[in-house]
Each structure stands twice: as C-alpha cells, then as structure tokens.
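**Student:** The structure under discussion is supplied below as structure tokens; questions concerning it will follow.
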Amino acid sequence: MLMVMAHTTPLHRLWHPFTLLSVILLCATPSLSIDVFLQDKASLLLFRSRLQDPYQSLSNWAGSNCTSWTGITCDNRTGRVLSINLTSMSLSGQIHPSLCQLPYLSKVGLSHNNFTSLLPECFGNLLNLRVIDLSYNRFHGGIPDSFMRLRHLTELVLSGNPGLGGPLPAWIGNFSTNLERLHLGVCSFRGGIPESLLYLKSLKYLDLGNNLLSGNLVGFRQPLVVLNLASNQFAGTLPCFSASVQSLTVLNLSNNSIVGGLPACIASLQALTHLNLSGNHLKYRIYPRLVFSLKLLVLDLSYNDFSGPIPSQIAETSEKLLGLVLLDLSHNQFSGEIPVKITELKTLEALFLSHNILSGEIPARIGNLTYLQVIDFSHNALSGTIPFSIVGCFQLYALILNNNNLSGVIQPEFDALDTLRILDISNNRFSGTIPLTLAGCKSLEIVDFSSNELSGSLNDAITKWSNLRYLSLAQNKFSGNLPSWLFTFDAIETMDFSHNKFSGFIPDINFKGSLIFNTRNVTVKEPLVAARNLQLRFSAVVSDSNQLGFTYHLSSMVGIDLSSNLLHGEIPRGLFGLAGLEYLNFSCNFLYGQLPGLQKMQSLKALDLSHNSLSGHIPGNISSLQDLSILNLSYNCFSGYVPQKQGYGKFPGAFAGNPDLCMESSSGVCDDGRTQSVQGSSFREDRMEGPISLGIFFISAFVSFDFGVVVLFCSARARNYILQTKV
C-alpha cells in the first residue's frame with residue numbers, strides 16, 4: 001500500500017524564485033485521481049444495479065475516479081476497493097454476491113438502511129475484513145457459519161435487525177482472536193451465551209441487549225469496557241465482574257430476572273460511569289457502606305424490590321464538578337426520609353425517587369443542587385411544604401410531586417423557576433390561591449394542580465403561560481366566573497376545571513385559540529386514549545458526546561372538562577365546530593338552551609352533557625362521527641322524536657331521564673325517556689367523572705437501556721418520564 005511521507009526542506013531553498021513558483025503551482029494542482037481497479041468497478045456497479053436508491057445517493061458511481069464515488073475508499077496505488085460506507089442512505093433490496101468479489105475489502109458499512117435478505121454467506125470469503133456493520137436493517141435468519149473464517153475481524157455489528165435470530169453460534173467467541181466489538185442487540189437471538197464468549201480475551205464491547213437470551217448470569221473472564229445484556233431473560237444473582245474491575249465503564253443488566261441483593265463488590269468497579277440494574281427482582285437493603293466512586297455518572301436501580309432506607313451516602317462527593325448526573329431509585333420500596341446527604345451530590349441533573357414509601361419532608365437544602373433539571377418525588381408519603389430553597393434549582397425543567405401528603409401554599413417566590421416546563425403537585429393538600437407572581441413561569445407547558453384544596457378565582461397570571469398544553473385544576477375549591485381568556489392558548493390540548501365551584505357563563509368566544517382544538521388528525525387512527533409526548537432537551541456533561549433528554553408522556557385526550565361546577569347559560573355554539581376536539585364533558589351544571597349539530601366534530605370520541613337543563617330536539621344524524629364511543633345526554637329536557645337511522649341506537653341509556661323524548665325502538669314503537677330511565681341508571685354510574693377520567697388516564701411504564709444508551713422510564717399517575725442518555 002502506498003504511504004505518503006512528509007519531508008522537510010531547508011528554509012533558504014524556498015526563496016529561490018523557481019522553487020517558489022513550483023510551490024504555487026503544486027498548491028493549485030487538483031488532488032491525485034485514483035482509478036478504481038477495473039474488476040472491482042464492475043463488481044460495485046453490479047451490486048448497485050440490484051439496489052433501490054430513492055435519493056440517488058450512488059448516482060456518482062460513474063467514471064473511474066474513486067475519490068468521486070460516494071462511500072468508496074480505494075488503495076492510493078492499486079485502486080483496489082478497501083472500504084464501503086453506505087450508512088443511512090435509505091437503500092433497500094438484497095446484497096448481490098458481486099460485493100464479495102472485492103478481495104481487499106477491509107470494511108463494510110451498510111447500517112441504517114432497508115436491506116432485506118439473509119446475511120450474505122459469501123462475506124466469509126472476504127478474508128481481509130476487519131469491520132462488518134450491517135446494523136439497523138431488516139436482515140433475517142442466523143449468522144452464517146462462513147463468518148467463522150474471518151480471522152482478522154475486529155468489529156461485528158448486527159444490532160437492530162429484529163428478524164435476525166436463532167441460537168448464538170458456539171464459535172462466536174473463538175473464530176477471531178482480534179474481535180473487540182460484538183454488537184447483536186435488538187435482534188431475536190435465543191438460548192444461552194456460548195462459553196467461548198466468556199473467555200475471548202480481545203473482547204471489549206459486548207452488546208446482546210433486547211434479545212431472547214436466557215440462563216443464569218455469569219461473570220465474564222476478560223476486562224470488558226461495555227457490557228449490555230438488557231431486556232433479555234437472564235436469571236441468577238449479580239456477579240462481581242472481577243475481571244473488569246479496572247476497565248468496565250458501562251454495565252446494563254436492566255429488564256431481566258436477576259434476584260438477590262446488590263453486592264458491595266459492584267462499587268469496586270473503579271471505571272464505572274453508567275450502571276443500570278432497573279427492572280429486575282433485586283431486593284433487600286442496600287449495604288450502607290456501598291459507595292460508588294466519583295466516576296459514576298448514571299445510577300439506575302428503579303423497578304426493583306429494594307427496601308429499607310436510602311443509603312445516607314450512595315456515591316462519593318467532591319467540590320469539583322464530578323459525580324452523579326442521574327440518580328433513579330424510583331419504583332422500589334425504600335422507606336424513611338430522603339437522606340440529607342443527597343443534597344451534596346452537586347452535579348445531579350435528574351433525581352427520581354417516585355413510587356416508594358418515603359416519608360418526612362423534602363430536604364431543606366434541596367436548593368444546593370443548582371444543576372437539577374428534573375425532580376420526581378411523586379407517589380410517596382412526603383409531608384410538609386415545598387422548601388423555599390427550591391428556587392435555588394434555577395435550571396429546573398420538571399417538578400413532579402404529585403400523590404404525597406404535602407401541604408401549605410404555593411409560594412409567590414416560585415416565579416424564580418422561570419425555566420420550569422412541567423409542574424405537577426396534584427393529589428396533595430395544598431391550599432390558598434394561585435399567586436399572581438407565577439406569571440413569571442412563562443415556560444410552563446404542563447400544569448396539574450388537581451385534587452388539592454386550592455381556592456379563589458382564576459387570575460391573569462395563567463395568561464402568561466403562552467406555551468400551555470395541559471392545565472388541570474380539577475377537584476379543588478376554585479370559584480368565580482370563568483375568564484374570557486380561558487380558551488385562547490395556542491397550544492392547549494387538555495383543560496380540566498371539573499369539580500370546583502365555578503359559576504357564571506361559559507365564555508362566549510369563537511374558540512379559535514387552540515390549533516389542536518381546531519385541527520383534526522386524520523393520519524392515524526388513535527385509540528380512545530392517545531399518548532402525547534412532551535420532549536425536554538437539556539445538556540449534561542457525562543462525556544464528550546453525551547446528550548441527556550427528558551421525555552414526558554402525557555396520556556390524555558384533546559378535550560375540555562368543566563363538569564360538576566355551577567355554570568349556567570347556553571353552551572357557545574362555536575364550541576361544536578371544533579374538528580380536533582376529542583373529549584367534552586360539561587355534565588352536572590345548570591346549562592340550558594338547545595344543542596346544535598355535532599357533524600363538524602369529526603374527532604369526537606366522548607361527549608357528556610348529562611345532568612343539565614338542555615332542551616329542544618336531539619341533533620341530526622351522528623353516524624359520520626366514526627370515533628364517537630361514549631355519549632351521555634341523560635337527565636336533561638330534550639324532546640321530540642329520534643329515528644334509529646340517526647345512529648343513536650349504539651348508545652343505550654344515553655337519553656335516560658328525558659321524559660319528553662321519543663326514541664324509535666327496533667319494533668318501530670316509540671320508547672320515551674321514562675322507559676329508558678331504568679337503563680340509564682347504570683349508565684349514570686359509569687358517567688364520565690372529572691378530572692377527564694373515564695379511563696382516560698392510565699399508567700404504563702417500562703425500562704430499557706440499549707448499548708451506549710441509558711433509557712430510564714419513570715411513571716407518574718398518568719404519565720411516563722424517560723430520561724435518555726445517548727453515548
């Protein structure tokens with residue numbers, strides 16, 4: 001292979017005029033053209049001819065100059081093809097065997113495309129191959145035995161091919177003594193880990209995550225750097241990985257069936273930066289002297305059965321900006337108080353302690369954690385107030401404290417949290433009013449104050465939350481008239497003011513504020529409850545290439561709930577023209593007037609106007625509302641005749657308690673509201689109760705951690721949170 005060597009020239013030589021001219025001409029000369037070896041060129045063109053290339057990424061495979069061929073690297077002297085890198089070009093089709101007629105090929109990179117075939121058996125003939133990366137395609141079958149002839153292979157990357165599976169070949173750990181990186185994650189491999197893989201000395205990076213592998217977990221006998229066995233079916237107890245004490249940086253064993261306790265030897269892994277043991281059956285107390293080193297950046301022990309107190313010091317601390325960035329102990333059975341020393345982990349950016357049995361107060365020095373961006377203490381038994389010092393967490397994006405026994409008032413000084421985008425204090429015992437100063441929290445998108453003892457009228461502070469997507473004040477003691485600005489938020493998706501004491505009229509406006517309310521999504525047939533994701537992105541210095549992301553899953557319908565208040569007057573007609581509205585509940589008020597047509601509400605899934613004084617005729621044909629699955633107009637004053645052909649027959653009991661209403665029966669006889677009232681009684685029990693319930697909120701939570709990626713899911717009452725670390 002031709003090698004270009006640098007050489008020096010005496011400085012006085014450069015001043016010779018002819019030499020200077022030569023230098024100028026040399027700089028102006030185009031780069032050396034390398035002709036593709038003729039036979040290799042023919043093989044590449046035949047390979048390309050069998051591909052679908054929608055973006056014409058390979059259209060410059062023409063002529064003979066190798067440097068102009070996308071993704072191709074040639075030998076500078078011979079023109080033989082050495083490397084192919086066609087990553088992320090949306091290529092599809094099958095790999096033609098002509099690709100295997102490139103005898104000097106050392107690297108094949110075809111990842112993130114749409115290739116569909118068995119893995120090419122002929123790759124075993126490319127004896128000079130060092131790197132194979134076929135990840136994130138649609139290959140299927142198993143790993144061909146011909147690959148065992150690739151004695152010089154250093155990297156085999158086949159991740160992200162779900163159709164690729166079968167048992168791992170017995171030879172996978174001894175066919176190449178040079179293999180450093182083996183990535184087989186997100187496939188369908190089953191069975192155990194071949195013993196040969198446990199002893200392969202050259203192996204440093206092993207990713208077998210998201211497969212169907214099983215067997216008892218055993219320690220590897222070589223110094224690994226990254227080990228990902230997440231989302232398999234491994235059992236047994238946690239080994240010490242003593243061979244990797246000084247080398248292991250990432251250990252991900254999440255979503256398996258590992259039992260027993262957390263051995264103290266795990267803290268002796270000196271190089272460890274990411275540890276994810278979530279989603280197993282680990283239990284018992286954590287040994288109080290188990291303290292992780294400053295190098296540990298991410299610790300996830302969530303979704304286990306750990307009990308007892310949280311260790312007073314779970315990781316070393318330092319005055320320098322070193323130490324934990326993320327700590328997730330959620331979904332366990334930890335009890336006692338939140339240790340004060342946790343406030344000494346000054347590098348923390350995300351702290352998840354939800355779904356435990358923690359009691360006592362939130363540490364008064366929580367404000368010392370000035371880098372905190374996510375706090376989730378929900379679903380515990382915490383008491384007391386929100387510490388005033390929390391304003392010190394001036395970078396906070398999400399404060400999630402729902403389902404505790406917290407009390408006190410919302411402090412006016414909380415307006416200092418001007419980066420806050422999620423504020424959930426629902427299901428506590430907070431009292432008082434919403435301070436006017438909260439107008440300073442202009443970044444708020446999700447606000448849930450429901451199920452507290454808050455009171456007073458709605459003030460104009462809320463109007464400053466211009467990015468608002470979800471607002472729930474349900475089940476409080478709010479009163480007064482609904483303000484005229486109520487429906488003017490551009491991004492609002494869900495508004496729930498049910499079970500309060502609001503009075504007066506529903507604001508008579510044109511309902512053109514929310515684009516979501518007015519726009520129907522016709523691209524996807526959504527279930528009754530559709531998850532909408534609020535993504536938060538923030539920086540976290542966990543390594544040079546890391547990015548921490550926080551995704552908040554809000555599971556609710558696009559809707560408005562004003563039920564169980566003291567509202568009266570007519571329902572504004574413009575409301576019934578909102579094509580994007582999925583849910584509407586104005587039940588249990590004192591509303592009157594006639595109901596206009598519903599035909600424009602093409603996204604409507606649930607409508608409850610029961611227990612009011614609405615009158616007049618039932619709107620015409622609703623058969624065009626294909627998504628409508630819940631309808632309750634019972635206990636009003638509707639009258640007239642409703643023929644079966646109008647589509648109301650699939651909602652039995654929906655008109656109970658309307659004695660002047662005549663519903664056509666299957667026999668053609670008129671059934672009045674008195675006949676239906678028996679049916680309607682059971683329907684009333686299942687009536688939609690706020691806050692936008694009706695099974696509209698649900699809990700789903702799971703944890704996954706892909707190689708080099710920490711993905712942590714933590715669930716609250718009606719949401720999922722995902723913290724994602726991309727390495």
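Please note that chains go A, B, ... in the order of the structure tokens, that every chain numbers its residues from 1, and that ligands are numbered from 1 in the order shown.
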Residues at most 6 Å from Asn612 in chain A, counting only C-alpha atoms, excluding those fewer than 4 positions away in the same chain, as a compact mmCIF listing (two decimals) with C-alpha atoms, in the first residue's frame?
**Tutor:**
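So the final result, stored in around.txt, reads:
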```txt
# COMPACT_ATOMS: atom_id res chain seq x y z
CA CYS A 588 -73.60 18.33 36.27
CA ASN A 589 -74.06 22.05 35.74
CA PHE A 590 -77.08 24.28 35.12
CA LEU A 591 -76.69 24.74 31.39
CA ASN A 636 -81.93 16.93 30.53
```
**Student:** I want to know what sits within 7 Å of Thr385 in chain A, based on only C-alpha atoms, with residues of the same chain fewer than 6 positions away left out; could you give that as a JSON list (two decimals) with N, CA and C atoms, in the first residue's frame?
**Tutor:**
```
[["chain", "number", "residue", "atom", "x", "y", "z"],
["A", 406, "LEU", "N", -48.17, 16.50, 50.89],
["A", 406, "LEU", "CA", -47.62, 17.83, 51.00],
["A", 406, "LEU", "C", -48.73, 18.86, 51.23],
["A", 407, "SER", "N", -48.39, 19.92, 51.91],
["A", 407, "SER", "CA", -49.40, 20.94, 52.24],
["A", 407, "SER", "C", -48.76, 22.32, 52.16],
["A", 408, "GLY", "N", -49.50, 23.31, 52.66],
["A", 408, "GLY", "CA", -49.01, 24.67, 52.60],
["A", 408, "GLY", "C", -49.52, 25.38, 51.36]]
```
**Student:** With a distance cut-off of 8 Å and only C-alpha atoms, select the neighbouring residues of range 95-102 of chain A, excluding the residue or stretch itself and same-chain residues fewer than 6 positions from it, and output the selection as an MDAnalysis selection string.
**Tutor:** chainID A and resid 40 43:44 46:47 50:51 80:81 115 117 120 122:123 125:126
**Student:** What does the distance between CA of Ser450 in chain A and CA of Leu482 in chain A come to in Å, to one decimal place?
**Tutor:**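 Separation of CA of Ser450 in chain A and CA of Leu482 in chain A: 16.9 Å.
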**Student:** I'd like the neighbourhood of range 268-278 of chain A as a ChimeraX atom specification, where a residue qualifies if any of its atoms comes within 9 Å (using only C-alpha atoms), though same-chain residues fewer than 3 positions away should be ignored.
**Tutor:** /A:225,230,240-242,244-256,258,264-265,281-282,291-304,324,328-329,542,703-705,708,710,712
**Student:** Give me, as a PyMOL selection string, all polymer residues having an atom no more than 7 Å from Asp376 in chain A, counting only C-alpha atoms and skipping those fewer than 2 positions away in the same chain.
**Tutor:** chain A and resi 351-354+374+378+399-401
**Student:** Taking the backbone alone, and naming residues the way the document does, which bits of range 64-245 of chain A are strand (DSSP E or B) by DSSP, as a PyMOL selection string?
**Tutor:** chain A and resi 65+72-74+81-85+92-93+107-109+114-115+118+131-133+140-141+155-157+163-167+181-183+188-191+205-207+212-216+226-228+233-235+237
**Student:** Could you write out the selected residues, including C-alpha atoms, as a PDB file, in the first residue's frame?
**Tutor:**
```pdb
ATOM      1  CA  ASN A  65     -12.053   8.275 -10.301  1.00  0.00           C
ATOM      2  CA  ILE A  72     -15.881   4.112  -1.530  1.00  0.00           C
ATOM      3  CA  THR A  73     -12.252   4.179  -0.409  1.00  0.00           C
ATOM      4  CA  CYS A  74      -9.537   2.797  -2.683  1.00  0.00           C
ATOM      5  CA  VAL A  81     -11.500  -1.111  -3.084  1.00  0.00           C
ATOM      6  CA  LEU A  82     -10.660  -1.134   0.642  1.00  0.00           C
ATOM      7  CA  SER A  83     -13.804   0.194   2.288  1.00  0.00           C
ATOM      8  CA  ILE A  84     -17.523   0.669   1.613  1.00  0.00           C
ATOM      9  CA  ASN A  85     -19.553   3.025   3.809  1.00  0.00           C
ATOM     10  CA  SER A  92     -33.089  -1.305   0.023  1.00  0.00           C
ATOM     11  CA  GLY A  93     -33.127  -4.604  -1.779  1.00  0.00           C
ATOM     12  CA  LYS A 107     -14.616  -2.606   5.996  1.00  0.00           C
ATOM     13  CA  VAL A 108     -18.305  -2.929   5.064  1.00  0.00           C
ATOM     14  CA  GLY A 109     -20.710  -0.335   6.492  1.00  0.00           C
ATOM     15  CA  ASN A 114     -33.620  -1.205   4.478  1.00  0.00           C
ATOM     16  CA  PHE A 115     -31.776  -4.267   3.206  1.00  0.00           C
ATOM     17  CA  LEU A 118     -30.296 -13.389   4.797  1.00  0.00           C
ATOM     18  CA  VAL A 131     -15.205  -4.436  10.252  1.00  0.00           C
ATOM     19  CA  ILE A 132     -18.759  -5.521   9.353  1.00  0.00           C
ATOM     20  CA  ASP A 133     -21.579  -3.130  10.231  1.00  0.00           C
ATOM     21  CA  HIS A 140     -33.215 -12.171   8.894  1.00  0.00           C
ATOM     22  CA  GLY A 141     -32.092 -15.716   9.605  1.00  0.00           C
ATOM     23  CA  GLU A 155     -15.896  -5.493  14.809  1.00  0.00           C
ATOM     24  CA  LEU A 156     -19.125  -7.371  14.061  1.00  0.00           C
ATOM     25  CA  VAL A 157     -22.134  -5.060  14.368  1.00  0.00           C
ATOM     26  CA  GLY A 163     -35.566 -10.832  12.162  1.00  0.00           C
ATOM     27  CA  LEU A 164     -32.044 -11.957  12.905  1.00  0.00           C
ATOM     28  CA  GLY A 165     -32.015 -14.708  15.488  1.00  0.00           C
ATOM     29  CA  GLY A 166     -31.611 -18.314  16.466  1.00  0.00           C
ATOM     30  CA  PRO A 167     -29.013 -19.568  18.938  1.00  0.00           C
ATOM     31  CA  ARG A 181     -16.603  -5.247  19.440  1.00  0.00           C
ATOM     32  CA  LEU A 182     -19.631  -7.556  19.136  1.00  0.00           C
ATOM     33  CA  HIS A 183     -22.999  -5.823  18.831  1.00  0.00           C
ATOM     34  CA  SER A 188     -34.098 -12.198  18.248  1.00  0.00           C
ATOM     35  CA  PHE A 189     -31.246 -14.393  19.422  1.00  0.00           C
ATOM     36  CA  ARG A 190     -32.227 -17.001  21.988  1.00  0.00           C
ATOM     37  CA  GLY A 191     -30.631 -19.564  24.254  1.00  0.00           C
ATOM     38  CA  TYR A 205     -17.520  -4.083  23.867  1.00  0.00           C
ATOM     39  CA  LEU A 206     -20.368  -6.587  24.057  1.00  0.00           C
ATOM     40  CA  ASP A 207     -23.980  -5.690  23.305  1.00  0.00           C
ATOM     41  CA  LEU A 212     -34.466 -13.564  23.966  1.00  0.00           C
ATOM     42  CA  LEU A 213     -31.331 -14.854  25.667  1.00  0.00           C
ATOM     43  CA  SER A 214     -31.651 -16.793  28.916  1.00  0.00           C
ATOM     44  CA  GLY A 215     -29.724 -18.723  31.532  1.00  0.00           C
ATOM     45  CA  ASN A 216     -28.028 -17.756  34.755  1.00  0.00           C
ATOM     46  CA  VAL A 226     -19.025  -2.025  27.891  1.00  0.00           C
ATOM     47  CA  LEU A 227     -21.447  -4.832  28.716  1.00  0.00           C
ATOM     48  CA  ASN A 228     -25.115  -4.608  27.753  1.00  0.00           C
ATOM     49  CA  GLN A 233     -34.394 -13.367  30.269  1.00  0.00           C
ATOM     50  CA  PHE A 234     -31.261 -13.792  32.353  1.00  0.00           C
ATOM     51  CA  ALA A 235     -31.693 -15.033  35.905  1.00  0.00           C
ATOM     52  CA  THR A 237     -27.674 -13.370  41.172  1.00  0.00           C
TER      53      THR A 237
END
```
**Student:** Write out as a PyMOL selection string which residues come within 8 Å of Thr437 in chain A when counting only C-alpha atoms, dropping same-chain ones fewer than 4 positions away.
**Tutor:** chain A and resi 412-415+461
**Student:** Give me the residues within 10 Å of Tyr371 in chain A as an MDAnalysis selection string, counting only C-alpha atoms and dropping any in the same chain fewer than 2 places off.
**Tutor:** chainID A and resid 325 345:350 367:369 373:374 392:396 540
**Student:** Mind listing the helix (DSSP H, G or I) residues of range 73-107 of chain A, per DSSP on the backbone, as a list of chain:residue names?
**Tutor:**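 The helix (DSSP H, G or I) subset of range 73-107 of chain A is A:Pro97, A:Ser98, A:Leu99, A:Cys100, A:Gln101.
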**Student:** What does the file look like for those residues with N, CA, C and O atoms, as a CSV table (one decimal), in the first residue's frame?
**Tutor:**
```
chain,number,residue,atom,x,y,z
A,97,PRO,N,-24.1,-11.0,-4.6
A,97,PRO,CA,-22.9,-11.6,-4.3
A,97,PRO,C,-21.7,-11.0,-4.9
A,97,PRO,O,-20.5,-11.2,-4.5
A,98,SER,N,-21.9,-10.1,-5.9
A,98,SER,CA,-20.7,-9.4,-6.5
A,98,SER,C,-19.9,-8.6,-5.5
A,98,SER,O,-18.8,-8.3,-5.7
A,99,LEU,N,-20.6,-8.2,-4.4
A,99,LEU,CA,-19.9,-7.4,-3.4
A,99,LEU,C,-18.8,-8.2,-2.7
A,99,LEU,O,-17.9,-7.7,-2.2
A,100,CYS,N,-19.0,-9.5,-2.8
A,100,CYS,CA,-18.0,-10.4,-2.2
A,100,CYS,C,-16.8,-10.7,-3.1
A,100,CYS,O,-16.0,-11.5,-2.8
A,101,GLN,N,-16.8,-10.0,-4.3
A,101,GLN,CA,-15.7,-10.2,-5.2
A,101,GLN,C,-14.7,-9.0,-5.1
A,101,GLN,O,-14.1,-8.6,-6.1
```
**Student:** Between CA of Gln52 in chain A and CA of Gly71 in chain A, what is the distance, to one decimal in Å?
**Tutor:**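 Rounded to one decimal, the two atoms are 16.2 Å apart.
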